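Have a look at target35.txt; it's compact mmCIF, C-alpha atoms (C1' of nucleotides):
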# COMPACT_ATOMS: atom_id res chain seq x y z
CA MET A 1 1.69 -18.78 8.36
CA ALA A 2 1.69 -22.11 6.70
CA GLN A 3 3.57 -22.11 3.40
CA SER A 4 3.43 -18.78 1.67
CA LYS A 5 1.24 -18.44 -1.40
CA VAL A 6 2.56 -15.00 -2.17
CA GLU A 7 4.09 -16.07 -5.47
CA MET A 8 0.61 -16.76 -6.79
CA PHE A 9 -0.09 -13.04 -7.14
CA SER A 10 1.10 -10.48 -9.64
CA LYS A 11 4.45 -8.69 -9.32
CA ASP A 12 2.62 -5.40 -8.82
CA GLU A 13 0.46 -6.76 -6.05
CA ILE A 14 3.40 -8.34 -4.26
CA LEU A 15 5.50 -5.19 -4.54
CA LEU A 16 2.84 -2.82 -3.31
CA ALA A 17 1.88 -5.16 -0.48
CA ASP A 18 5.53 -5.24 0.57
CA ILE A 19 5.76 -1.45 0.70
CA ALA A 20 2.50 -1.36 2.63
CA LYS A 21 3.98 -3.85 5.06
CA ALA A 22 6.93 -1.55 5.64
CA LEU A 23 4.44 1.23 6.46
CA SER A 24 2.29 -1.00 8.65
CA HIS A 25 3.81 -0.01 11.99
CA PRO A 26 3.44 3.44 13.55
CA ALA A 27 7.08 3.40 14.60
CA ARG A 28 8.15 3.19 11.00
CA ILE A 29 5.79 5.98 9.94
CA LYS A 30 7.24 8.08 12.71
CA ILE A 31 10.80 7.31 11.63
CA LEU A 32 10.01 8.55 8.13
CA LYS A 33 8.64 11.77 9.58
CA ILE A 34 11.67 12.24 11.79
CA LEU A 35 13.96 11.80 8.80
CA THR A 36 11.90 14.36 6.91
CA ASP A 37 12.27 16.93 9.67
CA LYS A 38 15.95 16.30 10.31
CA ASN A 39 16.87 15.56 6.70
CA VAL A 40 19.82 13.42 7.76
CA CYS A 41 19.96 11.75 11.09
CA MET A 42 22.14 9.51 13.21
CA CYS A 43 20.55 6.35 14.47
CA GLY A 44 20.89 7.53 18.06
CA ASP A 45 18.95 10.71 17.36
CA ILE A 46 16.09 8.61 16.10
CA VAL A 47 16.26 6.30 19.10
CA ASP A 48 16.05 9.33 21.42
CA LEU A 49 12.80 10.39 19.76
CA MET A 50 11.19 6.97 19.92
CA PRO A 51 9.51 5.20 22.84
CA LEU A 52 11.34 2.00 22.01
CA ALA A 53 14.62 0.30 22.84
CA GLN A 54 17.65 0.87 20.64
CA SER A 55 17.59 -2.68 19.31
CA THR A 56 13.93 -2.40 18.41
CA VAL A 57 14.44 0.86 16.55
CA SER A 58 17.34 -0.76 14.74
CA GLN A 59 15.00 -3.52 13.60
CA HIS A 60 12.48 -1.02 12.29
CA LEU A 61 15.22 0.83 10.43
CA LYS A 62 16.29 -2.47 8.92
CA GLU A 63 12.76 -3.10 7.64
CA LEU A 64 12.58 0.35 6.04
CA LYS A 65 16.00 -0.24 4.48
CA ARG A 66 14.88 -3.65 3.22
CA VAL A 67 12.25 -2.07 0.97
CA GLY A 68 14.58 0.79 0.07
CA LEU A 69 12.60 3.66 1.59
CA ILE A 70 15.62 4.76 3.60
CA GLU A 71 19.35 4.51 3.21
CA GLY A 72 21.98 4.17 5.90
CA GLU A 73 25.56 5.26 5.52
CA ILE A 74 28.08 4.06 8.07
CA GLU A 75 30.37 6.84 9.29
CA GLY A 76 32.73 5.40 11.75
CA PRO A 77 30.83 4.06 14.71
CA LYS A 78 27.78 6.04 13.67
CA THR A 79 25.24 5.46 10.95
CA CYS A 80 23.60 8.30 9.08
CA TYR A 81 20.13 7.60 7.84
CA CYS A 82 18.19 9.48 5.22
CA LEU A 83 15.12 9.02 3.07
CA SER A 84 15.47 7.63 -0.40
CA GLN A 85 13.49 10.16 -2.39
CA LYS A 86 13.64 7.89 -5.41
CA ALA A 87 12.03 4.99 -3.57
CA LEU A 88 9.48 7.31 -2.00
CA GLN A 89 8.49 8.63 -5.42
CA THR A 90 7.99 5.11 -6.66
CA ALA A 91 5.98 4.13 -3.60
CA ARG A 92 3.86 7.25 -3.91
CA ALA A 93 3.20 6.50 -7.57
CA ASP A 94 2.32 2.89 -6.81
CA PHE A 95 -0.19 3.84 -4.14
CA SER A 96 -1.62 6.54 -6.43
CA LYS A 97 -2.05 3.99 -9.15
CA LEU A 98 -3.89 1.62 -6.86
CA PHE A 99 -6.21 4.29 -5.52
CA SER A 100 -6.82 5.65 -9.02
CA LYS A 101 -7.94 2.22 -10.00
CA ILE A 102 -10.16 1.45 -7.04
CA CYS A 103 -11.52 4.91 -6.17
CA LYS A 104 -14.52 6.17 -8.10
CA CYS A 105 -13.53 9.79 -7.71
CA MET B 1 5.32 -9.33 19.76
CA ALA B 2 5.98 -8.63 23.35
CA GLN B 3 3.62 -6.05 24.80
CA SER B 4 2.48 -3.57 22.21
CA LYS B 5 3.81 -0.05 22.40
CA VAL B 6 1.46 1.15 19.72
CA GLU B 7 -0.34 3.55 22.04
CA MET B 8 2.87 5.56 22.33
CA PHE B 9 2.42 6.95 18.83
CA SER B 10 0.09 9.58 17.44
CA LYS B 11 -3.46 8.79 16.37
CA ASP B 12 -2.56 9.63 12.78
CA GLU B 13 0.41 7.31 12.77
CA ILE B 14 -1.57 4.46 14.29
CA LEU B 15 -4.45 4.91 11.87
CA LEU B 16 -2.33 5.05 8.75
CA ALA B 17 -0.24 2.10 9.88
CA ASP B 18 -3.43 0.14 10.37
CA ILE B 19 -4.65 0.87 6.84
CA ALA B 20 -1.22 -0.02 5.52
CA LYS B 21 -1.45 -3.30 7.40
CA ALA B 22 -4.73 -4.07 5.66
CA LEU B 23 -2.97 -3.48 2.34
CA SER B 24 0.11 -5.47 3.30
CA HIS B 25 -0.91 -8.74 1.67
CA PRO B 26 -1.19 -9.25 -2.09
CA ALA B 27 -4.38 -11.24 -1.62
CA ARG B 28 -6.07 -8.21 -0.12
CA ILE B 29 -4.83 -5.90 -2.87
CA LYS B 30 -6.20 -8.38 -5.38
CA ILE B 31 -9.56 -8.53 -3.61
CA LEU B 32 -9.85 -4.75 -3.86
CA LYS B 33 -9.13 -4.93 -7.57
CA ILE B 34 -11.68 -7.72 -8.07
CA LEU B 35 -14.30 -5.66 -6.28
CA THR B 36 -13.44 -2.71 -8.51
CA ASP B 37 -13.93 -4.74 -11.66
CA LYS B 38 -17.09 -6.51 -10.52
CA ASN B 39 -18.51 -3.58 -8.56
CA VAL B 40 -20.48 -5.88 -6.27
CA CYS B 41 -19.48 -9.43 -5.71
CA MET B 42 -20.49 -12.53 -3.82
CA CYS B 43 -17.88 -14.05 -1.60
CA GLY B 44 -17.80 -17.21 -3.72
CA ASP B 45 -16.97 -15.25 -6.85
CA ILE B 46 -13.97 -13.81 -5.09
CA VAL B 47 -12.89 -17.21 -3.81
CA ASP B 48 -13.04 -18.58 -7.36
CA LEU B 49 -10.60 -15.91 -8.53
CA MET B 50 -8.13 -16.45 -5.71
CA PRO B 51 -5.47 -19.14 -5.28
CA LEU B 52 -6.49 -19.64 -1.68
CA ALA B 53 -8.94 -21.71 0.32
CA GLN B 54 -12.39 -20.34 1.06
CA SER B 55 -11.67 -19.94 4.75
CA THR B 56 -8.48 -18.06 4.02
CA VAL B 57 -10.21 -15.67 1.65
CA SER B 58 -12.87 -15.16 4.28
CA GLN B 59 -10.18 -14.12 6.74
CA HIS B 60 -8.73 -11.63 4.28
CA LEU B 61 -12.19 -10.19 3.68
CA LYS B 62 -12.61 -9.85 7.43
CA GLU B 63 -9.39 -7.88 7.70
CA LEU B 64 -10.47 -5.50 4.92
CA LYS B 65 -13.83 -5.14 6.63
CA ARG B 66 -12.13 -4.48 9.97
CA VAL B 67 -10.54 -1.30 8.65
CA GLY B 68 -13.70 -0.40 6.73
CA LEU B 69 -12.30 -0.58 3.21
CA ILE B 70 -15.02 -3.00 2.19
CA GLU B 71 -18.55 -3.69 3.31
CA GLY B 72 -20.38 -7.00 3.34
CA GLU B 73 -24.11 -7.35 3.19
CA ILE B 74 -25.64 -10.70 4.05
CA GLU B 75 -28.29 -11.76 1.56
CA GLY B 76 -29.68 -15.07 2.63
CA PRO B 77 -26.89 -17.63 2.60
CA LYS B 78 -24.75 -15.37 0.45
CA THR B 79 -22.77 -12.27 1.28
CA CYS B 80 -22.38 -9.39 -1.13
CA TYR B 81 -19.16 -7.46 -0.82
CA CYS B 82 -18.41 -4.04 -2.17
CA LEU B 83 -15.82 -1.33 -1.73
CA SER B 84 -16.48 1.47 0.70
CA GLN B 85 -15.72 4.49 -1.46
CA LYS B 86 -15.85 6.70 1.60
CA ALA B 87 -13.17 4.72 3.43
CA LEU B 88 -11.09 4.51 0.27
CA GLN B 89 -11.21 8.29 -0.13
CA THR B 90 -10.04 8.72 3.43
CA ALA B 91 -7.26 6.18 3.01
CA ARG B 92 -6.18 7.80 -0.23
CA ALA B 93 -6.08 11.21 1.46
CA ASP B 94 -4.12 9.85 4.40
CA PHE B 95 -1.48 8.29 2.19
CA SER B 96 -1.33 11.45 0.08
CA LYS B 97 -0.79 13.49 3.19
CA LEU B 98 2.06 11.27 4.34
CA PHE B 99 3.78 11.32 0.97
CA SER B 100 3.27 15.07 0.63
CA LYS B 101 5.06 15.44 3.90
CA ILE B 102 7.96 13.11 3.25
CA CYS B 103 8.48 13.53 -0.51
CA LYS B 104 10.57 16.43 -1.68
CA CYS B 105 8.73 16.72 -4.98
C1' DA C 1 -38.84 -31.80 7.07
C1' DA C 2 -34.55 -33.02 4.82
C1' DC C 3 -30.99 -31.47 1.76
C1' DG C 4 -27.96 -28.37 -0.60
C1' DT C 5 -25.42 -24.07 -0.91
C1' DA C 6 -22.78 -20.22 0.80
C1' DT C 7 -19.98 -18.31 4.11
C1' DA C 8 -18.30 -17.44 8.75
C1' DT C 9 -15.94 -19.35 12.52
C1' DC C 10 -13.12 -22.81 15.08
C1' DG C 11 -9.05 -25.37 15.79
C1' DT C 12 -4.55 -25.79 14.64
C1' DA C 13 0.16 -25.52 12.61
C1' DA C 14 3.79 -22.88 11.01
C1' DA C 15 5.83 -18.46 9.82
C1' DT C 16 6.64 -13.82 10.80
C1' DA C 17 6.65 -9.62 13.64
C1' DT C 18 7.57 -7.05 17.74
C1' DA C 19 10.00 -6.13 21.73
C1' DC C 20 13.82 -6.35 24.92
C1' DG C 21 18.43 -7.14 27.06
C1' DA C 22 22.96 -8.82 26.13
C1' DT C 23 26.62 -9.17 23.13
C1' DT C 24 29.51 -7.94 19.34
C1' DA C 25 32.04 -4.99 16.25
C1' DA C 26 34.26 -1.04 14.84
C1' DA C 27 35.91 3.35 15.22
C1' DA C 28 37.01 7.41 18.24
C1' DA C 29 38.82 9.21 22.35
C1' DT C 30 41.67 8.90 26.20
C1' DA D 1 46.63 -0.07 24.58
C1' DT D 2 42.46 0.61 26.93
C1' DT D 3 38.10 2.64 27.25
C1' DT D 4 34.08 4.71 25.42
C1' DT D 5 30.60 5.37 22.05
C1' DT D 6 27.50 3.89 18.48
C1' DA D 7 24.78 0.73 16.25
C1' DA D 8 23.99 -3.93 14.45
C1' DT D 9 23.07 -8.55 15.59
C1' DC D 10 21.91 -12.54 18.62
C1' DG D 11 18.96 -14.92 21.62
C1' DT D 12 14.61 -15.20 23.31
C1' DA D 13 9.68 -14.58 24.62
C1' DT D 14 5.30 -13.55 23.11
C1' DA D 15 1.83 -11.96 19.79
C1' DT D 16 0.07 -11.91 15.37
C1' DT D 17 -0.52 -13.52 10.67
C1' DT D 18 -1.36 -16.78 7.24
C1' DA D 19 -3.07 -20.94 5.76
C1' DC D 20 -5.97 -25.01 5.79
C1' DG D 21 -9.63 -28.45 6.84
C1' DA D 22 -13.57 -29.19 9.59
C1' DT D 23 -17.56 -27.52 11.54
C1' DA D 24 -21.41 -24.48 12.33
C1' DT D 25 -24.94 -21.45 10.76
C1' DA D 26 -28.39 -19.72 7.99
C1' DC D 27 -31.10 -19.58 4.28
C1' DG D 28 -33.17 -21.62 -0.08
C1' DT D 29 -34.76 -25.57 -2.47
C1' DT D 30 -36.84 -29.84 -3.02
Please express what this file holds, its structure, as structure tokens.
Amino acid sequence: MAQSKVEMFSKDEILLADIAKALSHPARIKILKILTDKNVCMCGDIVDLMPLAQSTVSQHLKELKRVGLIEGEIEGPKTCYCLSQKALQTARADFSKLFSKICKC
Amino acid sequence: MAQSKVEMFSKDEILLADIAKALSHPARIKILKILTDKNVCMCGDIVDLMPLAQSTVSQHLKELKRVGLIEGEIEGPKTCYCLSQKALQTARADFSKLFSKICKC
DNA sequence: AACGTATATCGTAAATATACGATTAAAAAT
DNA sequence: ATTTTTAATCGTATATTTACGATATACGTT
């Protein structure tokens, strides 16, 4: 990318695009599903269920945390991850709003 | 990216992630909104409403076309773009399905 | 036929994303 | 106190994305 022109768009557009970005990799979709099934989950449990290296999974978790969709609580050497239902509600509403606007029915 | 591991995930996850990717830039969100307002729109009209160069807008249109969210019909030297309501319905349903799964309420 | 208009594509630069192994840090277990 | 376990971060390679100007293409107009 040359210089970013992102600031030339509306807050809403930037925010939704950012959430979409967080959802734009199948690994991250899968992580959200895993956290749904397990409710609360150690990082290692997630890694075991993913076809990716531990450091790569950690990066994906970081991206999901960046936009707030998940939360991680450090418990000793372990980290417990869970979904942020609040952030998910907001994301859901934002996508709904977009599709309501652009879908005819 | 090193080699892609995308094929290690489910079809559903890959598909949804791909749609999310198409929505992961504010310019593309804005284009969808413009097409909603104008219904059908020449490329140049879109370019005029965007803070980006013509070639850049063209690239964004290509990405939206790639995932099928918009369609472009060449009419002489011009190209008419419009939303694909069918693809939008599908995308909307796919996101709904994900959020239904991962949202508690 | 030459020119103008509209848009896609090419070439390119810079930023970001994805992936991995190695290392670090921090707490638990021995 | 040392070792082990867990997970984040660092360093790095490669791929992809974003952006632009320049060029090519294709049609309409003069």
- Considering all atoms listed in the file, state which residue in the set A:Thr36, A:Ser24, A:Gln59, A:Ser10 is at the smallest distance from chain D. A:Gln59
Give chain B as a short mmCIF file (atom, residue, chain, number, x, y, z; two decimals) with C-alpha atoms, in the coordinates of the input once it has been least-squares superposed onto chain A over every C-alpha atom, paired in order.
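Listing of part-v5.cif after writing:
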data_model
loop_
_atom_site.label_atom_id
_atom_site.label_comp_id
_atom_site.auth_asym_id
_atom_site.auth_seq_id
_atom_site.Cartn_x
_atom_site.Cartn_y
_atom_site.Cartn_z
CA MET B 1 1.79 -18.67 8.32
CA ALA B 2 1.70 -22.02 6.71
CA GLN B 3 3.52 -22.10 3.39
CA SER B 4 3.39 -18.78 1.63
CA LYS B 5 1.22 -18.46 -1.43
CA VAL B 6 2.56 -15.03 -2.21
CA GLU B 7 4.07 -16.11 -5.52
CA MET B 8 0.57 -16.77 -6.82
CA PHE B 9 -0.10 -13.05 -7.15
CA SER B 10 1.09 -10.48 -9.65
CA LYS B 11 4.43 -8.71 -9.31
CA ASP B 12 2.62 -5.41 -8.82
CA GLU B 13 0.46 -6.77 -6.05
CA ILE B 14 3.40 -8.34 -4.26
CA LEU B 15 5.50 -5.20 -4.53
CA LEU B 16 2.83 -2.84 -3.29
CA ALA B 17 1.90 -5.18 -0.46
CA ASP B 18 5.53 -5.24 0.57
CA ILE B 19 5.76 -1.45 0.71
CA ALA B 20 2.51 -1.37 2.64
CA LYS B 21 4.00 -3.85 5.08
CA ALA B 22 6.94 -1.53 5.65
CA LEU B 23 4.45 1.22 6.47
CA SER B 24 2.29 -0.99 8.66
CA HIS B 25 3.80 0.01 11.99
CA PRO B 26 3.44 3.46 13.55
CA ALA B 27 7.08 3.40 14.61
CA ARG B 28 8.15 3.20 10.99
CA ILE B 29 5.79 5.99 9.92
CA LYS B 30 7.25 8.09 12.71
CA ILE B 31 10.81 7.32 11.63
CA LEU B 32 10.00 8.56 8.13
CA LYS B 33 8.62 11.77 9.57
CA ILE B 34 11.67 12.25 11.80
CA LEU B 35 13.94 11.80 8.81
CA THR B 36 11.88 14.36 6.91
CA ASP B 37 12.25 16.93 9.66
CA LYS B 38 15.93 16.30 10.32
CA ASN B 39 16.87 15.57 6.71
CA VAL B 40 19.82 13.42 7.75
CA CYS B 41 19.96 11.76 11.09
CA MET B 42 22.13 9.52 13.20
CA CYS B 43 20.54 6.37 14.47
CA GLY B 44 20.89 7.55 18.07
CA ASP B 45 18.94 10.72 17.37
CA ILE B 46 16.09 8.61 16.10
CA VAL B 47 16.26 6.30 19.10
CA ASP B 48 16.05 9.31 21.42
CA LEU B 49 12.79 10.39 19.78
CA MET B 50 11.19 6.96 19.93
CA PRO B 51 9.50 5.18 22.85
CA LEU B 52 11.33 1.98 22.02
CA ALA B 53 14.61 0.28 22.84
CA GLN B 54 17.63 0.87 20.64
CA SER B 55 17.59 -2.67 19.29
CA THR B 56 13.93 -2.40 18.41
CA VAL B 57 14.43 0.86 16.55
CA SER B 58 17.33 -0.74 14.74
CA GLN B 59 15.02 -3.51 13.57
CA HIS B 60 12.48 -1.00 12.30
CA LEU B 61 15.22 0.85 10.43
CA LYS B 62 16.28 -2.45 8.89
CA GLU B 63 12.77 -3.09 7.63
CA LEU B 64 12.58 0.37 6.04
CA LYS B 65 15.99 -0.22 4.50
CA ARG B 66 14.89 -3.63 3.22
CA VAL B 67 12.26 -2.06 0.99
CA GLY B 68 14.60 0.81 0.09
CA LEU B 69 12.61 3.66 1.61
CA ILE B 70 15.62 4.76 3.62
CA GLU B 71 19.36 4.51 3.20
CA GLY B 72 21.98 4.17 5.90
CA GLU B 73 25.56 5.24 5.51
CA ILE B 74 28.08 4.04 8.06
CA GLU B 75 30.35 6.82 9.26
CA GLY B 76 32.78 5.39 11.74
CA PRO B 77 30.85 4.04 14.70
CA LYS B 78 27.78 6.01 13.68
CA THR B 79 25.24 5.45 10.95
CA CYS B 80 23.60 8.29 9.07
CA TYR B 81 20.11 7.60 7.84
CA CYS B 82 18.20 9.48 5.22
CA LEU B 83 15.12 9.03 3.09
CA SER B 84 15.48 7.63 -0.39
CA GLN B 85 13.50 10.17 -2.39
CA LYS B 86 13.64 7.90 -5.40
CA ALA B 87 12.03 4.98 -3.57
CA LEU B 88 9.49 7.31 -1.99
CA GLN B 89 8.50 8.63 -5.42
CA THR B 90 8.00 5.11 -6.66
CA ALA B 91 5.99 4.12 -3.60
CA ARG B 92 3.88 7.24 -3.91
CA ALA B 93 3.20 6.47 -7.57
CA ASP B 94 2.33 2.87 -6.80
CA PHE B 95 -0.18 3.83 -4.14
CA SER B 96 -1.61 6.52 -6.41
CA LYS B 97 -2.04 3.98 -9.14
CA LEU B 98 -3.89 1.59 -6.85
CA PHE B 99 -6.20 4.27 -5.52
CA SER B 100 -6.81 5.64 -9.01
CA LYS B 101 -7.93 2.20 -9.98
CA ILE B 102 -10.16 1.45 -7.03
CA CYS B 103 -11.53 4.91 -6.17
CA LYS B 104 -14.52 6.14 -8.09
CA CYS B 105 -13.54 9.78 -7.74
#
- Go through A:Phe9, A:Leu23, A:Lys62, A:Leu35 one by one, measure the shortest atom-to-atom distance of each to DT9 in chain D using all atoms listed in the file, and give the residue with the smallest value. A:Lys62
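The list of residues with at least one atom within 9 Å of range 26-29 of chain A, based on only C-alpha atoms (C1' of nucleotides) and without residues fewer than 6 positions apart in the same chain, reads Met50, Pro51, Leu52, Val57, His60, Leu61, Glu63 and Leu64 of chain A; Val6, Phe9, Ser10, Asp12, Glu13, Ile14, Leu15, Leu16, Ala17, Asp18 and Leu98 of chain B.
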- Gly68 in chain B surroundings by all atoms listed in the file, 8 Å radius, close-in-sequence under 3 positions cut, as a PyMOL selection string: chain B and resi 64-65+71+84+87
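Ranking B:Asn39, B:Ser96, B:Thr56, B:Thr90 by their shortest atom-to-atom distance to chain C, with all atoms listed in the file included, puts B:Thr56 first.
Among the candidates B:Lys97, B:Cys43, B:Tyr81, B:Lys86, the residue lying nearest to DA6 in chain C is B:Cys43 (atoms considered: all atoms listed in the file).
Rounded to one decimal, CA of Lys11 in chain B and CA of Ser100 in chain A lie 25.8 Å from each other.
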Which residues of chain C have any atom within 10 Å of an atom in chain A when counting only C-alpha atoms (C1' of nucleotides), and what is the closest pair of atoms for each, with the distance in Å to one decimal? Order the rows by chain and rising number and write it as JSON lines.
{"residue": "C:DA13", "atom": "C1'", "partner": "A:Ala2", "partner_atom": "CA", "distance": 7.0}
{"residue": "C:DA14", "atom": "C1'", "partner": "A:Ala2", "partner_atom": "CA", "distance": 4.9}
{"residue": "C:DA15", "atom": "C1'", "partner": "A:Met1", "partner_atom": "CA", "distance": 4.4}
{"residue": "C:DT16", "atom": "C1'", "partner": "A:Met1", "partner_atom": "CA", "distance": 7.4}
{"residue": "C:DT18", "atom": "C1'", "partner": "A:Thr56", "partner_atom": "CA", "distance": 7.9}
{"residue": "C:DA19", "atom": "C1'", "partner": "A:Thr56", "partner_atom": "CA", "distance": 6.4}
{"residue": "C:DC20", "atom": "C1'", "partner": "A:Ala53", "partner_atom": "CA", "distance": 7.0}
{"residue": "C:DG21", "atom": "C1'", "partner": "A:Ser55", "partner_atom": "CA", "distance": 9.0}
{"residue": "C:DA25", "atom": "C1'", "partner": "A:Pro77", "partner_atom": "CA", "distance": 9.3}
{"residue": "C:DA26", "atom": "C1'", "partner": "A:Pro77", "partner_atom": "CA", "distance": 6.1}
{"residue": "C:DA27", "atom": "C1'", "partner": "A:Gly76", "partner_atom": "CA", "distance": 5.1}
{"residue": "C:DA28", "atom": "C1'", "partner": "A:Pro77", "partner_atom": "CA", "distance": 7.9}
- Message: When you look at DA24 in chain D with a cut-off of 12 Å (counting only C-alpha atoms (C1' of nucleotides)), what residues show up, excluding the ones that are within fewer than 5 positions of it in the same chain? I need them as a ChimeraX atom specification.
- Response: /C:7-10
Go ahead and dump the residues you just picked, C-alpha atoms (C1' of nucleotides), as a compact mmCIF listing (two decimals), in the coordinates of the input.
# COMPACT_ATOMS: atom_id res chain seq x y z
C1' DT C 7 -19.98 -18.31 4.11
C1' DA C 8 -18.30 -17.44 8.75
C1' DT C 9 -15.94 -19.35 12.52
C1' DC C 10 -13.12 -22.81 15.08
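CA of Met42 in chain A to CA of Ser58 in chain A spans 11.4 Å [interatomic distance, one decimal].
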Range 7-26 of chain D, all listed atoms, 3 Å padding on each side: what axis-aligned box centre and edge lengths in Å to one decimal come out, as lines of an AutoDock Vina configuration file?
center_x = -1.8
center_y = -14.2
center_z = 15.2
size_x = 59.2
size_y = 35.9
size_z = 24.9
- Message: as JSON, numbers by chain, could you give me every residue of chain D near chain A (at most 10 Å apart, counting all atoms listed in the file)?
- Response: {"D": [5, 6, 7, 8, 9, 16, 17, 18, 19, 20]}
Write to file, as a PDB file, keeping the file's coordinate frame, the residues of the selection just made, with C-alpha atoms (C1' of nucleotides).
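File written: result-v1.pdb
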ATOM      1  C1'  DT D   5      30.600   5.370  22.050  1.00  0.00           C
ATOM      2  C1'  DT D   6      27.500   3.890  18.480  1.00  0.00           C
ATOM      3  C1'  DA D   7      24.780   0.730  16.250  1.00  0.00           C
ATOM      4  C1'  DA D   8      23.990  -3.930  14.450  1.00  0.00           C
ATOM      5  C1'  DT D   9      23.070  -8.550  15.590  1.00  0.00           C
ATOM      6  C1'  DT D  16       0.070 -11.910  15.370  1.00  0.00           C
ATOM      7  C1'  DT D  17      -0.520 -13.520  10.670  1.00  0.00           C
ATOM      8  C1'  DT D  18      -1.360 -16.780   7.240  1.00  0.00           C
ATOM      9  C1'  DA D  19      -3.070 -20.940   5.760  1.00  0.00           C
ATOM     10  C1'  DC D  20      -5.970 -25.010   5.790  1.00  0.00           C
TER      11       DC D  20
END
- Note on the structure: re CA of Asp94 in chain B and CA of Ile19 in chain B: distance 9.3 Å
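Each of B:Ile70, B:Cys103, B:Leu83, B:Met8 was compared to Lys30 in chain A using only C-alpha atoms, and B:Met8 turns out to be the nearest.
Distances here use only C-alpha atoms; by that measure, the residue among A:Leu32, A:Ile102, A:Val67, A:Val47 closest to Gln85 in chain B is A:Ile102.
Those residues that approach DG11 in chain C to within 10 Å, counting all atoms listed in the file, are DG21, DA22 and DT23 of chain D; same-chain residues fewer than 3 positions away are not listed.
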Applying 10 Å and only C-alpha atoms (C1' of nucleotides), which residues near DC10 in chain D remain after dropping the ones on its own chain fewer than 6 positions away? List them as an mmCIF file with C-alpha atoms (C1' of nucleotides), keeping the file's coordinate frame.
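Generated output (around_38.cif):
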data_model
loop_
_atom_site.group_PDB
_atom_site.id
_atom_site.type_symbol
_atom_site.label_atom_id
_atom_site.label_comp_id
_atom_site.auth_asym_id
_atom_site.auth_seq_id
_atom_site.Cartn_x
_atom_site.Cartn_y
_atom_site.Cartn_z
ATOM 1 C "C1'" DA C 22 22.960 -8.820 26.130
ATOM 2 C "C1'" DT C 23 26.620 -9.170 23.130
ATOM 3 C "C1'" DT C 24 29.510 -7.940 19.340
#
